[in-house]
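work15.txt (compact mmCIF, C-alpha atoms and all ligand atoms) appears below.
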# COMPACT_ATOMS: atom_id res chain seq x y z
CA MET V 1 18.23 34.47 -0.26
CA THR V 2 20.25 33.68 2.86
CA ALA V 3 20.67 30.29 4.46
CA ILE V 4 18.05 28.88 6.77
CA LEU V 5 19.97 27.45 9.71
CA PRO V 6 18.52 24.44 11.55
CA ASP V 7 16.00 25.53 14.20
CA HIS V 8 17.06 22.74 16.56
CA PHE V 9 20.42 21.42 17.77
CA LEU V 10 21.68 18.67 15.48
CA TRP V 11 22.72 15.56 17.36
CA GLY V 12 24.36 13.12 15.03
CA ALA V 13 27.07 10.70 14.06
CA SER V 14 29.41 10.91 11.06
CA THR V 15 30.78 8.48 8.51
CA ALA V 16 32.51 8.78 5.13
CA GLY V 17 31.81 6.69 2.04
CA HIS V 18 35.21 5.15 1.45
CA GLN V 19 35.49 4.21 5.11
CA VAL V 20 32.20 2.34 5.35
CA ASP V 21 30.66 1.59 1.94
CA GLY V 22 32.85 -1.14 0.48
CA GLY V 23 33.40 -1.76 -3.22
CA ASP V 24 34.54 1.81 -3.83
CA THR V 25 36.45 0.73 -6.90
CA ALA V 26 36.68 4.00 -8.86
CA ALA V 27 38.20 6.12 -6.07
CA ASP V 28 41.78 7.42 -5.99
CA THR V 29 42.32 5.92 -2.55
CA THR V 30 41.45 2.45 -3.87
CA PHE V 31 44.08 2.95 -6.56
CA LEU V 32 46.64 4.15 -3.99
CA GLU V 33 45.85 1.13 -1.80
CA SER V 34 46.84 -1.09 -4.74
CA VAL V 35 50.28 0.35 -5.57
CA SER V 36 53.59 -0.62 -4.09
CA PRO V 37 54.72 0.88 -1.84
CA SER V 38 51.42 2.10 -0.41
CA VAL V 39 50.82 4.23 2.68
CA PHE V 40 47.69 2.20 3.32
CA LYS V 41 48.16 -0.85 5.52
CA GLU V 42 45.53 -2.80 3.57
CA PRO V 43 42.76 -2.02 1.08
CA ALA V 44 39.34 -0.87 2.30
CA GLY V 45 37.74 -3.78 0.41
CA ASP V 46 34.25 -4.40 1.75
CA ALA V 47 34.78 -1.88 4.58
CA CYS V 48 31.48 -2.07 6.56
CA ARG V 49 29.32 -2.88 3.51
CA SER V 50 27.27 0.24 4.17
CA TRP V 51 26.51 0.56 0.45
CA GLU V 52 24.14 -2.37 1.02
CA ARG V 53 23.44 -1.92 4.73
CA TRP V 54 22.78 1.82 4.88
CA ALA V 55 19.27 1.23 6.23
CA ASP V 56 20.76 -0.65 9.21
CA ASP V 57 23.06 2.32 9.78
CA LEU V 58 20.09 4.69 9.80
CA ASP V 59 18.33 2.41 12.29
CA LEU V 60 21.37 2.67 14.56
CA ILE V 61 21.22 6.46 14.36
CA LYS V 62 17.54 6.42 15.17
CA GLY V 63 18.08 3.90 17.97
CA MET V 64 20.42 6.37 19.68
CA GLY V 65 17.76 9.08 19.49
CA LEU V 66 19.87 11.19 17.14
CA ASN V 67 18.23 13.59 14.71
CA SER V 68 20.97 13.86 12.09
CA TYR V 69 23.43 11.76 10.08
CA ARG V 70 26.51 13.09 8.33
CA PHE V 71 27.63 10.95 5.42
CA SER V 72 29.57 11.63 2.25
CA VAL V 73 28.29 11.54 -1.30
CA GLU V 74 31.11 9.94 -3.26
CA TRP V 75 31.99 11.60 -6.54
CA ALA V 76 33.80 8.43 -7.65
CA ARG V 77 30.54 6.48 -7.37
CA ILE V 78 28.55 9.07 -9.27
CA GLU V 79 31.07 9.69 -12.04
CA PRO V 80 33.30 6.60 -12.08
CA GLU V 81 34.60 7.53 -15.51
CA GLU V 82 34.90 11.09 -16.71
CA GLY V 83 31.63 12.22 -18.26
CA ASN V 84 29.84 8.97 -17.40
CA VAL V 85 27.25 9.61 -14.70
CA ASP V 86 25.96 6.51 -12.92
CA GLN V 87 22.25 7.07 -12.35
CA ASP V 88 22.11 4.05 -10.01
CA ALA V 89 24.53 5.77 -7.68
CA LEU V 90 22.40 8.92 -7.65
CA ASP V 91 19.36 6.70 -6.97
CA HIS V 92 21.23 5.17 -4.05
CA TYR V 93 21.78 8.56 -2.38
CA ASP V 94 18.21 9.53 -3.17
CA ARG V 95 16.97 6.45 -1.28
CA MET V 96 19.32 7.15 1.61
CA VAL V 97 18.05 10.69 1.97
CA ASP V 98 14.45 9.49 1.95
CA GLY V 99 15.42 6.78 4.43
CA CYS V 100 16.75 9.48 6.73
CA LEU V 101 13.61 11.58 6.47
CA GLU V 102 11.35 8.58 7.11
CA ARG V 103 13.20 8.08 10.40
CA GLY V 104 13.19 11.77 11.43
CA ILE V 105 16.89 12.14 10.62
CA ASP V 106 18.25 15.31 8.96
CA PRO V 107 20.79 14.39 6.27
CA ALA V 108 24.07 16.36 6.45
CA ILE V 109 26.16 15.66 3.37
CA THR V 110 29.86 15.97 2.69
CA LEU V 111 30.62 16.54 -0.98
CA CYS V 112 34.28 15.53 -0.76
CA HIS V 113 35.52 13.49 2.18
CA PHE V 114 39.14 13.12 1.00
CA THR V 115 38.42 10.69 -1.86
CA ILE V 116 38.06 11.72 -5.50
CA PRO V 117 37.50 9.76 -8.71
CA SER V 118 40.69 8.07 -9.88
CA TRP V 119 40.34 9.71 -13.33
CA PHE V 120 40.32 13.12 -11.62
CA ALA V 121 43.46 12.23 -9.61
CA ALA V 122 45.11 11.12 -12.87
CA LYS V 123 44.60 14.65 -14.17
CA GLY V 124 46.46 16.17 -11.21
CA GLY V 125 43.57 16.24 -8.73
CA TRP V 126 43.15 19.58 -6.94
CA LEU V 127 46.35 20.89 -8.54
CA ASN V 128 44.61 20.90 -11.91
CA HIS V 129 43.58 24.41 -12.92
CA ASP V 130 40.17 23.14 -14.06
CA ALA V 131 39.47 21.22 -10.82
CA PRO V 132 37.13 23.85 -9.29
CA ALA V 133 34.87 23.85 -12.37
CA MET V 134 34.77 20.03 -12.46
CA PHE V 135 33.92 19.83 -8.76
CA ALA V 136 31.27 22.53 -9.16
CA ASP V 137 29.60 20.38 -11.85
CA GLU V 138 29.57 17.44 -9.46
CA CYS V 139 28.06 19.59 -6.68
CA VAL V 140 25.28 20.80 -8.98
CA ARG V 141 24.56 17.20 -10.04
CA VAL V 142 24.27 16.07 -6.41
CA LEU V 143 22.27 19.07 -5.25
CA ASP V 144 19.91 18.79 -8.21
CA ARG V 145 19.10 15.28 -7.11
CA ILE V 146 18.98 15.42 -3.29
CA GLY V 147 19.51 19.07 -2.35
CA ASP V 148 15.82 19.68 -1.70
CA ARG V 149 15.88 17.27 1.26
CA VAL V 150 19.23 17.76 3.00
CA ALA V 151 19.87 19.98 6.02
CA LEU V 152 23.52 20.95 5.58
CA ALA V 153 26.23 20.66 2.95
CA VAL V 154 29.93 20.39 3.75
CA THR V 155 32.06 20.98 0.65
CA PHE V 156 35.44 19.67 1.86
CA ASN V 157 36.44 17.54 4.80
CA GLU V 158 39.60 18.82 6.50
CA PRO V 159 41.27 20.61 3.61
CA ASP V 160 43.67 22.01 6.26
CA LEU V 161 44.97 18.55 7.17
CA PRO V 162 47.90 18.51 4.72
CA ARG V 163 49.16 21.77 6.26
CA ILE V 164 48.76 20.39 9.79
CA LEU V 165 50.67 17.25 8.86
CA ASP V 166 53.33 19.38 7.20
CA ASN V 167 53.80 21.30 10.46
CA GLY V 168 55.85 18.58 12.06
CA SER V 169 53.13 15.97 12.66
CA LEU V 170 54.70 13.36 10.37
CA PRO V 171 58.01 11.57 10.83
CA GLN V 172 60.40 11.66 7.85
CA GLU V 173 59.76 7.96 7.03
CA ALA V 174 56.04 8.71 6.63
CA VAL V 175 56.78 11.65 4.32
CA ASP V 176 59.11 9.46 2.25
CA LEU V 177 56.48 6.75 2.03
CA GLN V 178 53.83 9.23 0.86
CA ARG V 179 56.15 10.41 -1.89
CA ALA V 180 56.97 6.86 -2.94
CA CYS V 181 53.26 5.96 -2.98
CA ILE V 182 52.35 8.97 -5.14
CA ASN V 183 55.25 8.26 -7.50
CA ALA V 184 54.20 4.62 -7.80
CA ALA V 185 50.62 5.69 -8.60
CA THR V 186 51.80 8.19 -11.21
CA LYS V 187 53.87 5.46 -12.84
CA LYS V 188 51.12 2.83 -12.68
CA ALA V 189 48.55 5.22 -14.14
CA GLY V 190 51.02 6.27 -16.83
CA VAL V 191 50.26 9.96 -16.35
CA LYS V 192 52.22 13.12 -15.65
CA GLN V 193 50.93 13.65 -12.11
CA TYR V 194 48.58 11.36 -10.16
CA ARG V 195 47.54 13.53 -7.22
CA SER V 196 45.30 12.78 -4.26
CA GLY V 197 43.76 15.01 -1.60
CA ASN V 198 44.98 12.97 1.35
CA VAL V 199 48.37 11.60 0.35
CA VAL V 200 50.40 14.73 -0.15
CA ILE V 201 54.03 15.63 -0.76
CA PRO V 202 55.34 18.56 1.31
CA GLU V 203 56.44 20.83 -1.53
CA GLU V 204 52.92 20.75 -2.97
CA VAL V 205 51.03 21.69 0.20
CA THR V 206 50.72 25.38 -0.69
CA GLN V 207 49.56 24.67 -4.23
CA LEU V 208 47.07 22.11 -2.91
CA GLU V 209 45.75 24.57 -0.34
CA PHE V 210 45.23 27.09 -3.10
CA GLY V 211 43.41 24.47 -5.20
CA PHE V 212 41.16 23.54 -2.28
CA ILE V 213 40.29 27.17 -1.58
CA ARG V 214 39.39 27.87 -5.20
CA ALA V 215 37.36 24.66 -5.40
CA HIS V 216 35.59 25.44 -2.13
CA ARG V 217 34.49 28.86 -3.35
CA ALA V 218 33.28 27.33 -6.62
CA ALA V 219 31.42 24.60 -4.71
CA VAL V 220 29.67 27.08 -2.40
CA GLN V 221 28.48 29.00 -5.43
CA ALA V 222 27.35 25.77 -7.10
CA VAL V 223 25.38 24.66 -4.03
CA ARG V 224 23.73 28.06 -3.75
CA SER V 225 22.89 28.11 -7.43
CA VAL V 226 20.65 25.08 -6.84
CA ARG V 227 19.50 25.72 -3.30
CA PRO V 228 20.24 29.22 -2.03
CA GLU V 229 18.85 28.64 1.45
CA LEU V 230 20.86 25.48 2.23
CA PRO V 231 23.56 26.11 4.87
CA VAL V 232 26.93 25.40 3.27
CA GLY V 233 30.47 25.41 4.63
CA LEU V 234 33.54 23.24 5.03
CA SER V 235 34.96 21.33 7.96
CA LEU V 236 38.40 21.95 9.45
CA ALA V 237 40.65 19.65 11.43
CA VAL V 238 41.30 21.69 14.57
CA ILE V 239 43.85 20.67 17.16
CA ASP V 240 43.59 22.51 20.44
CA GLU V 241 47.09 24.02 20.40
CA SER V 242 48.19 25.24 23.80
CA TYR V 243 51.51 25.82 25.57
CA ARG V 244 53.31 25.61 28.86
CA THR V 245 56.25 27.97 28.26
CA GLU V 246 56.76 31.32 26.54
CA GLU V 247 58.74 29.67 23.77
CA GLY V 248 55.99 27.06 23.49
CA LYS V 249 53.45 29.85 23.12
CA LYS V 250 55.37 31.22 20.13
CA LEU V 251 55.46 27.78 18.53
CA ALA V 252 51.76 27.14 19.15
CA MET V 253 50.73 30.52 17.77
CA ALA V 254 52.95 30.12 14.70
CA LYS V 255 51.36 26.75 14.00
CA ARG V 256 47.89 28.22 14.35
CA ARG V 257 48.66 31.04 11.95
CA SER V 258 50.07 28.65 9.39
CA CYS V 259 47.31 26.01 9.63
CA TYR V 260 44.12 28.01 10.17
CA GLY V 261 45.05 31.49 8.93
CA PRO V 262 44.31 30.80 5.24
CA TRP V 263 41.00 29.19 6.15
CA ALA V 264 39.81 32.06 8.31
CA GLN V 265 39.79 34.04 5.05
CA ALA V 266 38.57 31.26 2.79
CA VAL V 267 35.38 30.58 4.78
CA GLN V 268 34.18 34.19 4.79
CA GLY V 269 30.73 34.27 3.25
CA ASP V 270 29.96 30.66 4.28
CA ASP V 271 27.02 29.87 6.53
CA PHE V 272 28.92 27.85 9.13
CA VAL V 273 32.28 26.25 9.73
CA GLY V 274 32.69 22.60 10.71
CA VAL V 275 35.11 21.83 13.54
CA GLN V 276 36.69 18.38 13.85
CA ASN V 277 38.66 17.93 17.01
CA TYR V 278 40.42 14.86 18.33
CA GLU V 279 43.27 16.18 20.39
CA ARG V 280 45.10 18.91 22.21
CA GLU V 281 48.74 19.64 21.53
CA ILE V 282 50.71 21.22 24.37
CA PHE V 283 53.87 23.00 23.27
CA GLY V 284 57.00 23.31 25.41
CA ASP V 285 60.30 24.93 24.42
CA ASP V 286 61.11 22.17 21.95
CA GLY V 287 57.68 21.56 20.46
CA PRO V 288 54.74 19.36 21.42
CA VAL V 289 55.10 17.51 24.71
CA PRO V 290 54.31 13.75 24.53
CA ALA V 291 51.70 12.10 26.76
CA GLN V 292 52.78 12.06 30.40
CA PRO V 293 52.78 8.90 32.56
CA GLY V 294 49.33 8.33 34.05
CA GLU V 295 47.47 10.31 31.38
CA GLU V 296 44.70 8.54 29.50
CA VAL V 297 45.66 7.95 25.88
CA ASN V 298 43.91 6.91 22.67
CA GLU V 299 44.79 3.85 20.60
CA THR V 300 47.71 5.63 18.97
CA GLY V 301 49.19 6.91 22.24
CA THR V 302 48.00 10.54 22.16
CA ALA V 303 46.87 11.98 25.51
CA LEU V 304 43.14 12.69 25.86
CA HIS V 305 41.94 16.11 26.93
CA PRO V 306 38.14 16.32 26.94
CA GLU V 307 38.29 20.13 27.14
CA SER V 308 40.01 20.25 23.75
CA LEU V 309 36.62 20.15 22.02
CA VAL V 310 35.20 23.25 23.63
CA ASN V 311 38.52 25.10 23.23
CA ALA V 312 38.70 24.25 19.51
CA VAL V 313 35.10 25.34 18.92
CA ASN V 314 35.57 28.62 20.77
CA TYR V 315 38.80 29.36 18.94
CA ILE V 316 37.38 28.74 15.47
CA HIS V 317 34.19 30.66 16.18
CA HIS V 318 36.19 33.71 17.24
CA LEU V 319 38.67 33.33 14.40
CA THR V 320 36.03 33.13 11.68
CA GLY V 321 33.02 34.88 13.21
CA LEU V 322 30.84 32.03 11.91
CA PRO V 323 28.42 29.62 13.59
CA VAL V 324 30.08 26.27 14.25
CA VAL V 325 28.96 22.70 13.68
CA VAL V 326 31.03 20.03 15.39
CA THR V 327 31.18 17.77 12.35
CA GLU V 328 33.53 15.26 14.02
CA HIS V 329 34.81 14.47 17.50
CA GLY V 330 35.70 11.14 19.00
CA VAL V 331 38.34 8.83 20.36
CA SER V 332 40.10 5.79 18.97
CA THR V 333 40.10 3.05 21.56
CA GLN V 334 39.28 -0.60 22.08
CA ASP V 335 38.36 0.29 25.65
CA ASP V 336 34.75 1.38 25.33
CA GLU V 337 34.63 2.45 29.00
CA LEU V 338 37.18 5.07 28.03
CA ARG V 339 34.91 6.28 25.21
CA CYS V 340 32.02 6.49 27.70
CA ARG V 341 34.09 8.64 30.06
CA PHE V 342 35.32 10.77 27.18
CA LEU V 343 31.79 11.48 25.93
CA LYS V 344 30.56 12.36 29.42
CA ALA V 345 33.49 14.73 29.96
CA SER V 346 33.54 16.40 26.52
CA ILE V 347 29.92 17.15 25.66
CA PRO V 348 28.64 19.06 28.75
CA PRO V 349 31.22 21.88 28.38
CA LEU V 350 30.13 22.22 24.74
CA ILE V 351 26.54 22.60 25.86
CA GLU V 352 27.62 25.23 28.40
CA LEU V 353 29.23 27.13 25.54
CA VAL V 354 25.95 27.02 23.61
CA ARG V 355 24.12 28.30 26.67
CA ASP V 356 26.67 31.11 26.91
CA GLY V 357 25.55 32.21 23.47
CA VAL V 358 28.24 30.79 21.19
CA PRO V 359 26.38 29.68 18.04
CA VAL V 360 27.04 25.95 17.89
CA LEU V 361 24.47 24.32 15.61
CA GLY V 362 25.21 20.66 16.27
CA TYR V 363 27.48 17.86 17.40
CA PHE V 364 28.32 14.80 15.28
CA HIS V 365 30.27 11.99 16.88
CA TRP V 366 32.97 10.25 14.87
CA SER V 367 32.08 7.61 14.22
CA LEU V 368 28.91 5.63 13.94
CA LEU V 369 30.87 2.45 13.15
CA ASP V 370 34.29 0.92 13.60
CA ASN V 371 35.41 1.56 10.05
CA TYR V 372 38.32 1.74 7.63
CA GLU V 373 40.75 4.17 9.22
CA TRP V 374 42.80 5.09 6.17
CA ILE V 375 46.49 4.26 6.65
CA SER V 376 45.72 2.26 9.81
CA ALA V 377 43.05 0.25 7.96
CA PHE V 378 40.93 -1.66 10.50
CA ASP V 379 43.39 -1.49 13.40
CA VAL V 380 42.00 1.69 14.96
CA HIS V 381 38.50 1.85 16.45
CA PHE V 382 36.38 5.00 16.63
CA GLY V 383 32.91 3.43 16.47
CA LEU V 384 29.92 3.74 18.75
CA CYS V 385 29.00 0.42 17.14
CA SER V 386 31.22 -2.51 16.20
CA VAL V 387 30.98 -4.33 12.87
CA ASP V 388 31.56 -8.06 12.57
CA ARG V 389 34.00 -8.29 9.69
CA GLU V 390 35.73 -11.30 11.20
CA HIS V 391 32.84 -13.69 10.53
CA GLY V 392 31.89 -11.88 7.36
CA THR V 393 28.37 -11.06 8.62
CA PHE V 394 29.02 -7.31 8.89
CA ASP V 395 26.45 -7.26 11.67
CA ARG V 396 26.46 -4.09 13.71
CA THR V 397 26.41 -4.09 17.51
CA PRO V 398 25.98 -0.90 19.51
CA LYS V 399 28.61 -0.57 22.23
CA LYS V 400 27.91 0.70 25.73
CA SER V 401 29.07 4.15 24.56
CA ALA V 402 26.16 4.26 22.08
CA GLY V 403 23.84 4.06 25.12
CA VAL V 404 25.83 6.72 26.97
CA TYR V 405 25.56 9.04 23.98
CA ARG V 406 21.84 8.29 23.67
CA ASP V 407 21.34 9.20 27.36
CA ILE V 408 23.31 12.45 27.04
CA VAL V 409 21.16 13.46 24.06
CA ALA V 410 17.93 12.47 25.80
CA ASN V 411 18.80 14.36 28.98
CA THR V 412 20.18 17.56 27.47
CA VAL V 413 17.84 20.48 27.05
CA ILE V 414 19.36 23.22 24.94
C1 LIG A 501 38.68 12.30 9.23
C2 LIG A 501 38.09 10.91 9.26
C3 LIG A 501 38.98 10.03 10.12
C4 LIG A 501 38.99 10.59 11.52
C5 LIG A 501 39.73 9.76 12.55
C6 LIG A 501 39.28 12.77 10.50
O1 LIG A 501 40.54 13.27 10.20
O2 LIG A 501 37.75 13.20 8.70
O3 LIG A 501 37.95 10.45 7.96
O4 LIG A 501 38.57 8.71 10.10
O5 LIG A 501 39.57 11.87 11.48
O6 LIG A 501 41.05 9.57 12.22

Show me, as structure tokens, the structure contained in the file I just sent.
Amino acid sequence: MTAILPDHFLWGASTAGHQVDGGDTAADTTFLESVSPSVFKEPAGDACRSWERWADDLDLIKGMGLNSYRFSVEWARIEPEEGNVDQDALDHYDRMVDGCLERGIDPAITLCHFTIPSWFAAKGGWLNHDAPAMFADECVRVLDRIGDRVALAVTFNEPDLPRILDNGSLPQEAVDLQRACINAATKKAGVKQYRSGNVVIPEEVTQLEFGFIRAHRAAVQAVRSVRPELPVGLSLAVIDESYRTEEGKKLAMAKRRSCYGPWAQAVQGDDFVGVQNYEREIFGDDGPVPAQPGEEVNETGTALHPESLVNAVNYIHHLTGLPVVVTEHGVSTQDDELRCRFLKASIPPLIELVRDGVPVLGYFHWSLLDNYEWISAFDVHFGLCSVDREHGTFDRTPKKSAGVYRDIVANTVI
């Protein structure tokens, strides 16, 4: 049987378990947050307490008039110790899925959003030869429980990110810190190799990529073995590489070949490919050109180019030949007016692309909430809604941009 693609455009928002749930004690990232030195500025801790407040999150989605929610099902919650399946965790996701359906929201699940169980990392993570089979078991377990009610399954979130970061995106100090963090974790765990999917040492990028590709293929098969008609794919980080000189063109094209080339092959046979775009990179003779004076920038100083979304989608569709779902797109900023402008400038060209016949199945904004932003912890803000961590209430408040997004969705006929 072939996949049944959604018959309507999916309008949604995305989150990931470790970034919002809180109390994610059995995950590798939690372990890496605890070692010294750590790449993570502070531990995720309670994050946004979405493990308890997931119904509030679904109400926010519904309040924006969205029809889909992308969230991750955390393997570390379900199998906190090897071979020990926590039925309460499966019940939790079961309730969330029903909660979505009660509100007219299609659940879109991510089976691995960077984090893995710490026991799995202690066995070498994705470098372990048996990793694909172990992940396939987890996928079957999840799909057996909630697969009958979800609309899409994403196996891996941004498995191409290590390669992108290895292509000159990280300063040497950051690379050194990653290595020191992984070494500290290996020592603390007392194992041969403690390996994570999102803190990576450069000489292992190729081996990791290979592990991800094998595990992705095994996961697709596992998903289909339970629910053959469920659309399944993975999501790629896609930077809109462009250039302003001939030499820059060579650099941009070389980067594209290196970062996306392996994935163009790996996704063949999937039902869709997820595109996650946050930026455009413009290459000159000496590499990427920094933001120019007067350009609008995000919270980390990268220039904003609203057209990067449509360019990234078009590129990946033509590279892979597959339908695209925008599984993430957004902007980090404390200036919500900027987010409002960014949404208004980025989404209409995407809709034009759909009208031109490019198969784009949906758009998910990153993120529903201001959440735990990995190495930057809580210092970077992507949310359509803020979360009051300061007073410990964890109350959610939609920002003006949540209303702007709601209006775009309400007024767009596709
Ligand atoms: C990731 C998210 C992250 C977001 C913003 C993507 O790379 O999938 O987990 O929070 O970008 O940095």

Could the residues of chain V that have an atom at most 10 Å from ligand LIG 501 (chain A) be listed as a Markdown table, each with its closest atom pair and the distance in Å to one decimal, counting only C-alpha atoms and all ligand atoms and ordered by chain and ascending residue number?
| residue | atom | partner | partner_atom | distance |
| --- | --- | --- | --- | --- |
| V:Ser14 | CA | A:LIG501 | C2 | 8.9 |
| V:Thr15 | CA | A:LIG501 | O3 | 7.5 |
| V:Ala16 | CA | A:LIG501 | O3 | 6.4 |
| V:Gly17 | CA | A:LIG501 | O3 | 9.3 |
| V:His18 | CA | A:LIG501 | O3 | 8.8 |
| V:Gln19 | CA | A:LIG501 | O3 | 7.3 |
| V:His113 | CA | A:LIG501 | O2 | 6.9 |
| V:Phe114 | CA | A:LIG501 | O3 | 7.5 |
| V:Thr115 | CA | A:LIG501 | O3 | 9.8 |
| V:Phe156 | CA | A:LIG501 | O2 | 9.7 |
| V:Asn157 | CA | A:LIG501 | O2 | 6.0 |
| V:Glu158 | CA | A:LIG501 | O2 | 6.3 |
| V:Pro159 | CA | A:LIG501 | O2 | 9.7 |
| V:Leu161 | CA | A:LIG501 | O1 | 7.5 |
| V:Asn198 | CA | A:LIG501 | O1 | 9.9 |
| V:Ser235 | CA | A:LIG501 | O2 | 8.6 |
| V:Leu236 | CA | A:LIG501 | O2 | 8.8 |
| V:Ala237 | CA | A:LIG501 | O1 | 6.5 |
| V:Val238 | CA | A:LIG501 | O1 | 9.5 |
| V:Gln276 | CA | A:LIG501 | C6 | 7.0 |
| V:Asn277 | CA | A:LIG501 | O5 | 8.3 |
| V:Tyr278 | CA | A:LIG501 | O5 | 7.5 |
| V:Thr327 | CA | A:LIG501 | O2 | 8.8 |
| V:Glu328 | CA | A:LIG501 | O2 | 7.1 |
| V:His329 | CA | A:LIG501 | O5 | 8.1 |
| V:Gly330 | CA | A:LIG501 | C5 | 7.7 |
| V:Val331 | CA | A:LIG501 | C5 | 8.0 |
| V:Ser332 | CA | A:LIG501 | C5 | 7.6 |
| V:Trp366 | CA | A:LIG501 | C4 | 6.9 |
| V:Ser367 | CA | A:LIG501 | O4 | 7.8 |
| V:Asp370 | CA | A:LIG501 | O4 | 9.6 |
| V:Asn371 | CA | A:LIG501 | O4 | 7.8 |
| V:Tyr372 | CA | A:LIG501 | O4 | 7.4 |
| V:Glu373 | CA | A:LIG501 | O4 | 5.1 |
| V:Trp374 | CA | A:LIG501 | O4 | 6.8 |
| V:Ile375 | CA | A:LIG501 | O6 | 9.4 |
| V:Ser376 | CA | A:LIG501 | O6 | 9.0 |
| V:Ala377 | CA | A:LIG501 | O4 | 9.8 |
| V:Val380 | CA | A:LIG501 | O6 | 8.4 |
| V:His381 | CA | A:LIG501 | C5 | 8.9 |
| V:Phe382 | CA | A:LIG501 | C5 | 7.1 |

Take the residues from that selection and write them out as an mmCIF file, in the coordinates of the input, keeping C-alpha atoms.
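Result went into out.cif, see below:
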data_model
loop_
_atom_site.group_PDB
_atom_site.id
_atom_site.type_symbol
_atom_site.label_atom_id
_atom_site.label_comp_id
_atom_site.auth_asym_id
_atom_site.auth_seq_id
_atom_site.Cartn_x
_atom_site.Cartn_y
_atom_site.Cartn_z
ATOM 1 C CA SER V 14 29.410 10.910 11.060
ATOM 2 C CA THR V 15 30.780 8.480 8.510
ATOM 3 C CA ALA V 16 32.510 8.780 5.130
ATOM 4 C CA GLY V 17 31.810 6.690 2.040
ATOM 5 C CA HIS V 18 35.210 5.150 1.450
ATOM 6 C CA GLN V 19 35.490 4.210 5.110
ATOM 7 C CA HIS V 113 35.520 13.490 2.180
ATOM 8 C CA PHE V 114 39.140 13.120 1.000
ATOM 9 C CA THR V 115 38.420 10.690 -1.860
ATOM 10 C CA PHE V 156 35.440 19.670 1.860
ATOM 11 C CA ASN V 157 36.440 17.540 4.800
ATOM 12 C CA GLU V 158 39.600 18.820 6.500
ATOM 13 C CA PRO V 159 41.270 20.610 3.610
ATOM 14 C CA LEU V 161 44.970 18.550 7.170
ATOM 15 C CA ASN V 198 44.980 12.970 1.350
ATOM 16 C CA SER V 235 34.960 21.330 7.960
ATOM 17 C CA LEU V 236 38.400 21.950 9.450
ATOM 18 C CA ALA V 237 40.650 19.650 11.430
ATOM 19 C CA VAL V 238 41.300 21.690 14.570
ATOM 20 C CA GLN V 276 36.690 18.380 13.850
ATOM 21 C CA ASN V 277 38.660 17.930 17.010
ATOM 22 C CA TYR V 278 40.420 14.860 18.330
ATOM 23 C CA THR V 327 31.180 17.770 12.350
ATOM 24 C CA GLU V 328 33.530 15.260 14.020
ATOM 25 C CA HIS V 329 34.810 14.470 17.500
ATOM 26 C CA GLY V 330 35.700 11.140 19.000
ATOM 27 C CA VAL V 331 38.340 8.830 20.360
ATOM 28 C CA SER V 332 40.100 5.790 18.970
ATOM 29 C CA TRP V 366 32.970 10.250 14.870
ATOM 30 C CA SER V 367 32.080 7.610 14.220
ATOM 31 C CA ASP V 370 34.290 0.920 13.600
ATOM 32 C CA ASN V 371 35.410 1.560 10.050
ATOM 33 C CA TYR V 372 38.320 1.740 7.630
ATOM 34 C CA GLU V 373 40.750 4.170 9.220
ATOM 35 C CA TRP V 374 42.800 5.090 6.170
ATOM 36 C CA ILE V 375 46.490 4.260 6.650
ATOM 37 C CA SER V 376 45.720 2.260 9.810
ATOM 38 C CA ALA V 377 43.050 0.250 7.960
ATOM 39 C CA VAL V 380 42.000 1.690 14.960
ATOM 40 C CA HIS V 381 38.500 1.850 16.450
ATOM 41 C CA PHE V 382 36.380 5.000 16.630
#

| task | For CA of Ala133 (chain V) and CA of Val223 (chain V), determine how far apart the two atoms are, in Å to one decimal place. | result |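 According to the coordinates, CA of Ala133 (chain V) and CA of Val223 (chain V) are separated by 12.7 Å.
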
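Minimum atom-to-atom distance to His92 (chain V), evaluated using all atoms listed in the file, belongs to V:Arg145 out of V:Ala303, V:Arg145, V:Pro162, V:Leu309.
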
| Which is closer to Lys399 (chain V) than all the others in V:Asp57, V:Ala131, V:Glu337, V:Ala3, using all atoms listed in the file? |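 Ranking V:Asp57, V:Ala131, V:Glu337, V:Ala3 by distance to Lys399 (chain V), first place goes to V:Glu337.
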
| task | Take CA of Gly211 (chain V) and CA of Ser34 (chain V) and report the distance between them in Å, one decimal. | result | 25.8 Å

| request: Show which residues sit within 9 Å of region 38-46 of chain V, as a ChimeraX atom specification. Count only C-alpha atoms, and ignore same-chain residues fewer than 2 positions away. | output: /V:18-25,29-30,32-36,48-50,174,177-178,180-182,184-185,199,372-378,389
